[in-house]
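What follows is protein_17.tsv (TSV, C-alpha atoms).
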chain	number	residue	atom	x	y	z
B	110	MET	CA	-47.66	-50.33	46.92
B	111	ALA	CA	-44.73	-48.21	48.03
B	112	SER	CA	-43.05	-48.39	44.69
B	113	SER	CA	-46.29	-47.51	42.87
B	114	THR	CA	-46.76	-44.39	44.97
B	115	ILE	CA	-43.23	-43.21	44.28
B	116	VAL	CA	-43.75	-43.53	40.52
B	117	GLU	CA	-46.99	-41.65	40.67
B	118	LYS	CA	-45.51	-38.76	42.67
B	119	SER	CA	-42.50	-38.49	40.33
B	120	CYS	CA	-44.85	-37.57	37.49
B	121	TYR	CA	-45.90	-34.35	39.26
B	122	PHE	CA	-43.99	-31.08	39.19
B	123	ILE	CA	-46.19	-29.49	41.78
B	124	SER	CA	-48.32	-31.35	44.25
B	125	ASN	CA	-51.48	-32.64	42.58
B	126	VAL	CA	-50.57	-30.86	39.26
B	127	SER	CA	-49.25	-32.79	36.28
B	128	CYS	CA	-46.34	-31.70	34.07
B	129	TYR	CA	-48.73	-31.49	31.13
B	130	ASP	CA	-50.93	-29.02	32.98
B	131	VAL	CA	-47.89	-26.89	33.85
B	132	ALA	CA	-46.64	-26.93	30.26
B	133	LYS	CA	-50.12	-26.12	28.98
B	134	ASP	CA	-50.43	-23.12	31.30
B	135	PHE	CA	-46.97	-21.73	30.43
B	136	ALA	CA	-47.06	-22.49	26.69
B	137	SER	CA	-49.12	-19.46	25.70
B	138	PRO	CA	-47.00	-16.79	27.42
B	139	LEU	CA	-43.83	-18.62	26.37
B	140	LEU	CA	-44.88	-18.62	22.73
B	141	ALA	CA	-45.86	-14.97	23.02
B	142	ALA	CA	-42.44	-14.15	24.44
B	143	LEU	CA	-40.75	-16.11	21.65
B	144	ALA	CA	-42.87	-14.28	19.10
B	145	VAL	CA	-41.81	-10.94	20.58
B	146	ILE	CA	-38.15	-11.99	20.52
B	147	ALA	CA	-38.50	-13.15	16.92
B	148	SER	CA	-40.20	-9.88	15.96
B	149	VAL	CA	-37.45	-7.87	17.61
B	150	PHE	CA	-34.81	-9.95	15.85
B	151	ILE	CA	-36.51	-9.54	12.44
B	152	ALA	CA	-36.94	-5.82	13.02
B	153	PHE	CA	-33.28	-5.54	13.99
B	154	LYS	CA	-32.24	-7.43	10.86
B	155	GLN	CA	-34.43	-5.20	8.69
B	156	LEU	CA	-33.03	-2.06	10.30
B	157	SER	CA	-29.52	-3.41	9.86
B	158	LYS	CA	-30.23	-4.19	6.20
B	159	GLN	CA	-31.77	-0.77	5.64
B	160	HIS	CA	-28.77	0.84	7.30
B	161	GLN	CA	-26.41	-1.16	5.07
B	162	ASN	CA	-28.48	-0.25	2.00
B	163	THR	CA	-28.27	3.40	3.00
B	164	LEU	CA	-24.50	3.13	3.41
B	165	ASP	CA	-24.21	1.38	0.04
B	166	ALA	CA	-26.33	4.07	-1.61
B	167	GLN	CA	-24.21	6.81	-0.04
B	168	LYS	CA	-21.06	5.00	-1.17
B	169	GLU	CA	-22.34	4.72	-4.75
B	170	GLU	CA	-23.38	8.36	-4.69
B	171	ALA	CA	-19.91	9.36	-3.51
B	172	LYS	CA	-18.35	7.27	-6.30
B	173	ARG	CA	-20.65	8.83	-8.87
B	174	ASN	CA	-19.86	12.34	-7.68
B	175	THR	CA	-16.14	11.53	-7.71
B	176	ARG	CA	-16.35	10.25	-11.28
B	177	VAL	CA	-18.25	13.35	-12.38
B	178	GLU	CA	-15.78	15.74	-10.75
B	179	LEU	CA	-12.82	13.78	-12.05
B	180	PHE	CA	-14.26	13.75	-15.56
B	181	LYS	CA	-14.63	17.53	-15.46
B	182	ASP	CA	-11.10	17.90	-14.13
B	183	ILE	CA	-9.46	15.53	-16.61
B	184	ASN	CA	-11.56	16.82	-19.49
B	185	ILE	CA	-10.14	20.31	-19.03
B	186	LEU	CA	-6.62	18.89	-19.14
B	187	LEU	CA	-7.44	16.74	-22.18
B	188	ASP	CA	-8.80	19.77	-24.02
B	189	GLN	CA	-5.68	21.80	-23.20
B	190	SER	CA	-3.36	18.98	-24.29
B	191	THR	CA	-5.40	18.37	-27.43
B	192	VAL	CA	-4.94	22.00	-28.47
B	193	ALA	CA	-1.15	21.69	-28.10
B	194	ILE	CA	-1.04	18.38	-29.97
B	195	ARG	CA	-3.25	19.67	-32.78
B	196	GLN	CA	-0.90	22.60	-33.21
B	197	VAL	CA	2.00	20.17	-33.67
B	198	ASN	CA	-0.11	18.09	-36.04
B	199	SER	CA	-1.22	21.11	-38.07
B	200	TYR	CA	2.33	22.41	-38.38
B	201	CYS	CA	3.64	19.06	-39.63
B	202	PHE	CA	0.66	18.50	-41.90
B	203	GLY	CA	1.06	21.93	-43.45
B	204	LYS	CA	4.79	21.37	-43.90
B	205	LYS	CA	4.18	18.03	-45.58
B	206	TYR	CA	1.96	19.62	-48.22
B	207	SER	CA	4.09	22.72	-48.59
B	208	ASN	CA	5.49	21.42	-51.89
B	209	LEU	CA	4.13	19.34	-54.73
B	210	GLU	CA	6.41	16.40	-54.01
B	211	MET	CA	5.18	16.25	-50.39
B	212	LYS	CA	8.74	15.51	-49.36
B	213	ALA	CA	9.25	18.30	-46.87
B	214	GLN	CA	11.62	17.57	-44.01
B	215	VAL	CA	11.80	18.54	-40.36
B	216	ASP	CA	15.26	19.66	-39.29
B	217	HIS	CA	16.60	18.83	-35.86
B	218	VAL	CA	15.83	22.26	-34.37
B	219	GLU	CA	12.21	22.06	-35.56
B	220	TYR	CA	11.93	18.52	-34.23
B	221	LEU	CA	13.17	19.55	-30.77
B	222	GLU	CA	10.53	22.29	-30.52
B	223	LEU	CA	7.75	20.05	-31.78
B	224	MET	CA	8.89	17.21	-29.54
B	225	LYS	CA	8.91	19.47	-26.47
B	226	ASN	CA	5.37	20.72	-27.05
B	227	PHE	CA	4.04	17.28	-27.91
B	228	SER	CA	5.85	15.60	-25.01
B	229	ASN	CA	4.68	18.12	-22.42
B	230	ALA	CA	1.07	17.68	-23.52
B	231	LEU	CA	1.29	13.88	-23.29
B	232	LEU	CA	3.09	13.72	-19.95
B	233	ALA	CA	0.65	16.14	-18.30
B	234	VAL	CA	-2.18	13.72	-19.08
B	235	VAL	CA	-0.13	10.63	-18.16
B	236	THR	CA	0.68	12.08	-14.74
B	237	LYS	CA	-2.95	13.02	-14.04
B	238	VAL	CA	-4.31	9.64	-15.11
B	239	GLU	CA	-1.66	7.69	-13.21
B	240	SER	CA	-2.49	9.51	-9.97
B	241	HIS	CA	-6.18	8.53	-10.29
B	242	GLU	CA	-5.91	4.92	-11.49
B	243	ILE	CA	-7.92	3.67	-8.50
B	244	VAL	CA	-11.08	5.05	-10.12
B	245	ASN	CA	-10.87	2.44	-12.89
B	246	LEU	CA	-7.57	0.59	-12.81
B	247	LYS	CA	-7.83	-1.21	-16.15
B	248	LEU	CA	-9.11	1.72	-18.18
B	249	PHE	CA	-6.76	4.32	-16.73
B	250	ARG	CA	-3.75	2.03	-17.00
B	251	VAL	CA	-4.43	1.06	-20.61
B	252	PHE	CA	-4.90	4.71	-21.57
B	253	ARG	CA	-1.66	5.61	-19.80
B	254	PHE	CA	0.18	2.76	-21.52
B	255	ALA	CA	-1.09	3.98	-24.91
B	256	LEU	CA	0.24	7.50	-24.30
B	257	GLN	CA	3.55	6.25	-22.90
B	258	SER	CA	4.10	4.07	-25.97
B	259	ILE	CA	3.49	7.13	-28.17
B	260	HIS	CA	5.87	9.21	-26.08
B	261	HIS	CA	8.56	6.52	-26.38
B	262	ASP	CA	8.26	6.47	-30.17
B	263	LEU	CA	8.37	10.28	-30.26
B	264	LEU	CA	11.64	10.39	-28.34
B	265	ALA	CA	13.10	7.64	-30.52
B	266	LEU	CA	12.84	9.95	-33.54
B	267	GLN	CA	15.83	11.91	-32.21
B	268	THR	CA	18.18	9.42	-33.83
B	269	GLU	CA	16.22	9.02	-37.08
B	270	LYS	CA	18.32	10.08	-40.10
B	271	ASP	CA	15.43	10.30	-42.55
B	272	ARG	CA	13.99	13.75	-41.77
B	273	PHE	CA	10.96	13.16	-44.00
B	274	LYS	CA	10.18	10.01	-42.00
B	275	VAL	CA	10.39	12.10	-38.84
B	276	LEU	CA	7.69	14.39	-40.22
B	277	GLU	CA	5.48	11.45	-41.21
B	278	ASN	CA	5.88	9.77	-37.84
B	279	ILE	CA	5.04	12.90	-35.86
B	280	ILE	CA	1.83	13.27	-37.88
B	281	GLU	CA	0.94	9.64	-37.19
B	282	LEU	CA	1.74	9.87	-33.48
B	283	THR	CA	-0.27	13.05	-33.02
B	284	ASN	CA	-3.22	11.45	-34.81
B	285	ASP	CA	-2.99	8.41	-32.52
B	286	SER	CA	-2.88	10.63	-29.44
B	287	ILE	CA	-5.96	12.60	-30.47
B	288	MET	CA	-7.86	9.36	-31.17
B	289	TYR	CA	-6.94	7.89	-27.76
B	290	PHE	CA	-7.90	11.15	-26.07
B	291	GLY	CA	-11.32	10.89	-27.73
B	292	ASP	CA	-11.69	7.25	-26.70
B	293	PHE	CA	-10.89	8.08	-23.09
B	294	GLN	CA	-13.35	10.99	-23.03
B	295	VAL	CA	-16.10	8.67	-24.28
B	296	CYS	CA	-15.26	6.11	-21.58
B	297	MET	CA	-15.23	8.80	-18.88
B	298	GLN	CA	-18.57	10.20	-20.07
B	299	ASN	CA	-20.16	6.78	-19.88
B	300	MET	CA	-18.70	6.21	-16.41
B	301	ALA	CA	-19.77	9.62	-15.10
B	302	TYR	CA	-23.16	10.10	-16.76
B	303	GLY	CA	-24.23	6.72	-18.18
B	304	GLU	CA	-26.44	5.75	-15.22
B	305	VAL	CA	-27.82	9.27	-14.83
B	306	PHE	CA	-29.02	9.58	-18.43
B	307	ASP	CA	-29.50	5.82	-19.01
B	308	ALA	CA	-27.42	6.01	-22.19
B	309	ASP	CA	-23.90	5.35	-23.49
B	310	VAL	CA	-21.87	7.32	-26.00
B	311	PRO	CA	-20.86	4.93	-28.82
B	312	PHE	CA	-17.15	4.23	-29.11
B	313	ARG	CA	-15.03	4.91	-32.17
B	314	VAL	CA	-15.18	2.38	-35.01
B	315	PRO	CA	-12.16	2.85	-37.32
B	316	ALA	CA	-12.43	1.85	-40.97
B	317	ASP	CA	-8.96	0.32	-40.70
B	318	LYS	CA	-9.27	-2.46	-38.12
B	319	ARG	CA	-5.55	-2.32	-37.41
B	320	TYR	CA	-6.11	0.82	-35.37
B	321	LYS	CA	-6.70	0.23	-31.67
B	322	VAL	CA	-9.77	1.56	-29.86
B	323	ILE	CA	-9.95	2.01	-26.09
B	324	THR	CA	-13.37	1.13	-24.64
B	325	ASN	CA	-14.83	0.26	-21.23
B	326	CYS	CA	-15.16	-3.40	-22.24
B	327	PRO	CA	-13.09	-5.56	-19.81
B	328	LYS	CA	-12.09	-7.98	-22.59
B	329	ASN	CA	-10.97	-5.10	-24.82
B	330	LEU	CA	-8.96	-3.60	-21.96
B	331	ASP	CA	-7.24	-6.92	-21.21
B	332	GLU	CA	-6.28	-7.30	-24.87
B	333	LEU	CA	-5.01	-3.73	-25.11
B	334	HIS	CA	-3.06	-4.09	-21.86
B	335	ASP	CA	-1.22	-7.08	-23.31
B	336	TYR	CA	-0.74	-5.30	-26.64
B	337	PHE	CA	0.79	-2.11	-25.24
B	338	TRP	CA	2.87	-3.99	-22.68
B	339	ARG	CA	4.17	-6.81	-24.90
B	340	GLU	CA	4.03	-5.60	-28.51
B	341	THR	CA	4.91	-1.90	-28.50
B	342	ASN	CA	8.49	-0.64	-28.42
B	343	TRP	CA	7.81	1.02	-25.08
B	344	GLY	CA	6.42	-2.16	-23.55
B	345	LYS	CA	9.25	-4.33	-24.83
B	346	ASN	CA	11.79	-1.91	-23.38
B	347	CYS	CA	9.99	-1.94	-20.01
B	348	ILE	CA	10.07	-5.74	-19.92
B	349	LYS	CA	13.74	-5.74	-20.91
B	350	TYR	CA	14.69	-3.29	-18.15
B	351	GLU	CA	12.63	-5.18	-15.58
B	352	ASN	CA	14.32	-8.48	-16.46
B	353	GLU	CA	17.76	-6.85	-16.32
B	354	ALA	CA	16.98	-5.37	-12.90
B	355	LYS	CA	15.69	-8.70	-11.57
B	356	GLU	CA	18.78	-10.50	-12.86
B	357	LYS	CA	21.08	-7.88	-11.38
B	358	PHE	CA	19.55	-7.74	-7.90
B	359	SER	CA	18.56	-11.40	-7.54
B	360	SER	CA	22.19	-12.59	-7.53
Show the structure stored in the file as C-alpha cells.
Amino acid sequence: MASSTIVEKSCYFISNVSCYDVAKDFASPLLAALAVIASVFIAFKQLSKQHQNTLDAQKEEAKRNTRVELFKDINILLDQSTVAIRQVNSYCFGKKYSNLEMKAQVDHVEYLELMKNFSNALLAVVTKVESHEIVNLKLFRVFRFALQSIHHDLLALQTEKDRFKVLENIIELTNDSIMYFGDFQVCMQNMAYGEVFDADVPFRVPADKRYKVITNCPKNLDELHDYFWRETNWGKNCIKYENEAKEKFSS
C-alpha cells in the first residue's frame, strides 16, 4: 500500500491536480504566446526583407544614374575625339584621291602632324575609359584594348618606308577607330537607357565579317579580349614585355 500511494502522488504536479489538467490549462495561453512570437518574427523578417529590397532598389537606381551620367560624360569626349579623327581621315582620303593614279604619299612631316592629332584623340578616350572600367569591366577593357592596338599600329608607321602605305594605313586605322567609337556608344546607350525605354539599339553588322564589332554580349567580349590581347601587334608586344619582365625579376 505504501508503494502504491507514492506512485499515485508522483503523478501530480500540484496536490489533487493532474499534470494533464495543468498542461490543458496552460496550453491555450502558451500557444497564444507562441503565435505572438511567431507573428513578431515573421513581421521582423518581412520588414528586414522590405528594407533589403529598398536598399537594393536604391543601389540599382544609383548604378543607373551613374551609367547615365557617365554616358553623357564619355559621349561628349567621344564626339570631340571623333571630330579630330574624322579630320585626319578626311585629309588622308582627300590626299589619296588628289591624283588619278591614287598614289599620293604622306611625307614624314605630314605624318607627324596627323599622328599627333590622331594619337591625342585616341589616348584621351583610352584614359577616360580606363579610369571607369569598374562600371563594366569587360566592355570597357575590350574597347580600351581596341584603341590601344590602333594606337600601336599608328606609331609603328614611323618606320614605314612606303609613304603611300602610310597614307592607306592611316585611313584604315581612322575608319576602325570611328567604328569602335560607334560600337561603344551603342553599348553605353543600351546600358544607360535600355531598361528605361525597354529597348536596345541594334549593334553594327559589317558586310565584311572579318571586321570586329564590339557588343555587350559576354561571349563576344571574351572573344574580342582574346583577339586584341593575343592576335594584335599591340597585344603580342604586351605579352612579350610581360614575359621578359617576369623572367628578369623571377631570377
* **Point-to-point distance from CA of Ser207 in chain B to CA of Leu282 in chain B, Å rounded to tenths** =>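 Between CA of Ser207 in chain B and CA of Leu282 in chain B the gap is 20.0 Å.
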* Counting all atoms listed in the file, figure out which residue out of B:Ala255, B:Leu221, B:Ile279, B:Val235 gets nearest to Asn198 in chain B. => B:Ile279
* Asked: Any idea what's packed within 6 Å of Asp292 in chain B, counting all atoms listed in the file, ignoring anything in its chain fewer than 3 positions away? Could you give it as a ChimeraX atom specification?
  -> /B:289,295,323
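Here CA of Cys326 in chain B and CA of Ile194 in chain B stand 27.1 Å from one another.
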* **Atomic separation - CA of Leu263 in chain B relative to CA of Asn278 in chain B, Å** => 8.0 Å
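Minimum distance to Asn329 in chain B across B:Leu186, B:Val251, B:Leu232, B:Ala152 (counting only C-alpha atoms) occurs at B:Val251.
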Would you compute, for all listed atoms of range 194-203 of chain B, the axis-aligned bounding box grown by 6 Å on each side, and then report its centre and edge lengths in Å rounded to one decimal, as AutoDock Vina command-line options?
--center_x 0.2 --center_y 20.3 --center_z -36.7 --size_x 18.9 --size_y 16.5 --size_z 25.5
* Between B:Ala144, B:Leu139, B:Ile151, B:Leu179, which has the minimum distance to Glu242 in chain B (counting only C-alpha atoms)? -> B:Leu179
* **Spatial neighbours of range 302-318 of chain B, 9 Å, all atoms listed in the file, chain gap at least 2 places, as a PyMOL selection string** => chain B and resi 173+176-177+288+291-292+295-300+320-324
Dump of C-alpha atoms for the selected residues, as a PDB file, keeping the file's coordinate frame:
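Once everything was written out, this is selection_24.pdb:
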ATOM      1  CA  ARG B 173     -20.650   8.830  -8.870  1.00  0.00           C
ATOM      2  CA  ARG B 176     -16.350  10.250 -11.280  1.00  0.00           C
ATOM      3  CA  VAL B 177     -18.250  13.350 -12.380  1.00  0.00           C
ATOM      4  CA  MET B 288      -7.860   9.360 -31.170  1.00  0.00           C
ATOM      5  CA  GLY B 291     -11.320  10.890 -27.730  1.00  0.00           C
ATOM      6  CA  ASP B 292     -11.690   7.250 -26.700  1.00  0.00           C
ATOM      7  CA  VAL B 295     -16.100   8.670 -24.280  1.00  0.00           C
ATOM      8  CA  CYS B 296     -15.260   6.110 -21.580  1.00  0.00           C
ATOM      9  CA  MET B 297     -15.230   8.800 -18.880  1.00  0.00           C
ATOM     10  CA  GLN B 298     -18.570  10.200 -20.070  1.00  0.00           C
ATOM     11  CA  ASN B 299     -20.160   6.780 -19.880  1.00  0.00           C
ATOM     12  CA  MET B 300     -18.700   6.210 -16.410  1.00  0.00           C
ATOM     13  CA  TYR B 320      -6.110   0.820 -35.370  1.00  0.00           C
ATOM     14  CA  LYS B 321      -6.700   0.230 -31.670  1.00  0.00           C
ATOM     15  CA  VAL B 322      -9.770   1.560 -29.860  1.00  0.00           C
ATOM     16  CA  ILE B 323      -9.950   2.010 -26.090  1.00  0.00           C
ATOM     17  CA  THR B 324     -13.370   1.130 -24.640  1.00  0.00           C
TER      18      THR B 324
END
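You can rank B:Lys181, B:Phe249, B:Asn208, B:Arg195 by their closest distance to Leu223 in chain B using all atoms listed in the file, and at the top of that list sits B:Arg195.
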* Using all atoms listed in the file, determine which residues lie at most 9 Å from Val192 in chain B, disregarding the query and same-chain residues fewer than 5 positions distant; provide the list as a list in words. =>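 Non-adjacent residues within range: Leu187, Val197 and Ala230 of chain B.
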* To do: Go through B:Arg319, B:Lys172, B:Lys349, B:Lys205 and flag the residue nearest Val244 in chain B, using only C-alpha atoms for the distances.
  => B:Lys172
* Neighbour list for Asp335 in chain B as a ChimeraX atom specification, cut-off 12 Å, all atoms listed in the file, skip fewer than 4 positions in-chain -> /B:247,250-251,254-255,328-331,339-341,344-345,348
* **Best match for closeness to Val234 in chain B among B:Phe153, B:Phe358, B:Phe290, B:Phe180, counting only C-alpha atoms** => B:Phe290
* Ser190 in chain B: which residues within 10 Å, counting all atoms listed in the file, same-chain residues fewer than 6 positions away excluded, as a list of chain:residue names? ->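 In the requested form, the answer reads B:Asn184, B:Gln196, B:Asn226, B:Phe227, B:Ser228, B:Asn229, B:Ala230, B:Leu231, B:Leu232, B:Ala233, B:Val234, B:Ser286, B:Ile287, B:Phe290.
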Please export range 279-295 of chain B as an mmCIF file, in the first residue's frame, restricted to C-alpha atoms.
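Once everything was written out, this is decode.cif:
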data_model
loop_
_atom_site.group_PDB
_atom_site.id
_atom_site.type_symbol
_atom_site.label_atom_id
_atom_site.label_comp_id
_atom_site.auth_asym_id
_atom_site.auth_seq_id
_atom_site.Cartn_x
_atom_site.Cartn_y
_atom_site.Cartn_z
ATOM 1 C CA ILE B 279 46.107 55.896 -91.535
ATOM 2 C CA ILE B 280 42.823 55.832 -93.461
ATOM 3 C CA GLU B 281 42.180 52.258 -92.322
ATOM 4 C CA LEU B 282 43.081 52.982 -88.689
ATOM 5 C CA THR B 283 40.886 56.072 -88.536
ATOM 6 C CA ASN B 284 37.993 54.091 -90.012
ATOM 7 C CA ASP B 285 38.478 51.368 -87.391
ATOM 8 C CA SER B 286 38.538 53.947 -84.604
ATOM 9 C CA ILE B 287 35.313 55.592 -85.740
ATOM 10 C CA MET B 288 33.604 52.182 -85.983
ATOM 11 C CA TYR B 289 34.711 51.185 -82.466
ATOM 12 C CA PHE B 290 33.598 54.567 -81.133
ATOM 13 C CA GLY B 291 30.153 53.910 -82.624
ATOM 14 C CA ASP B 292 30.046 50.397 -81.153
ATOM 15 C CA PHE B 293 30.902 51.705 -77.705
ATOM 16 C CA GLN B 294 28.270 54.442 -77.898
ATOM 17 C CA VAL B 295 25.634 51.831 -78.757
#
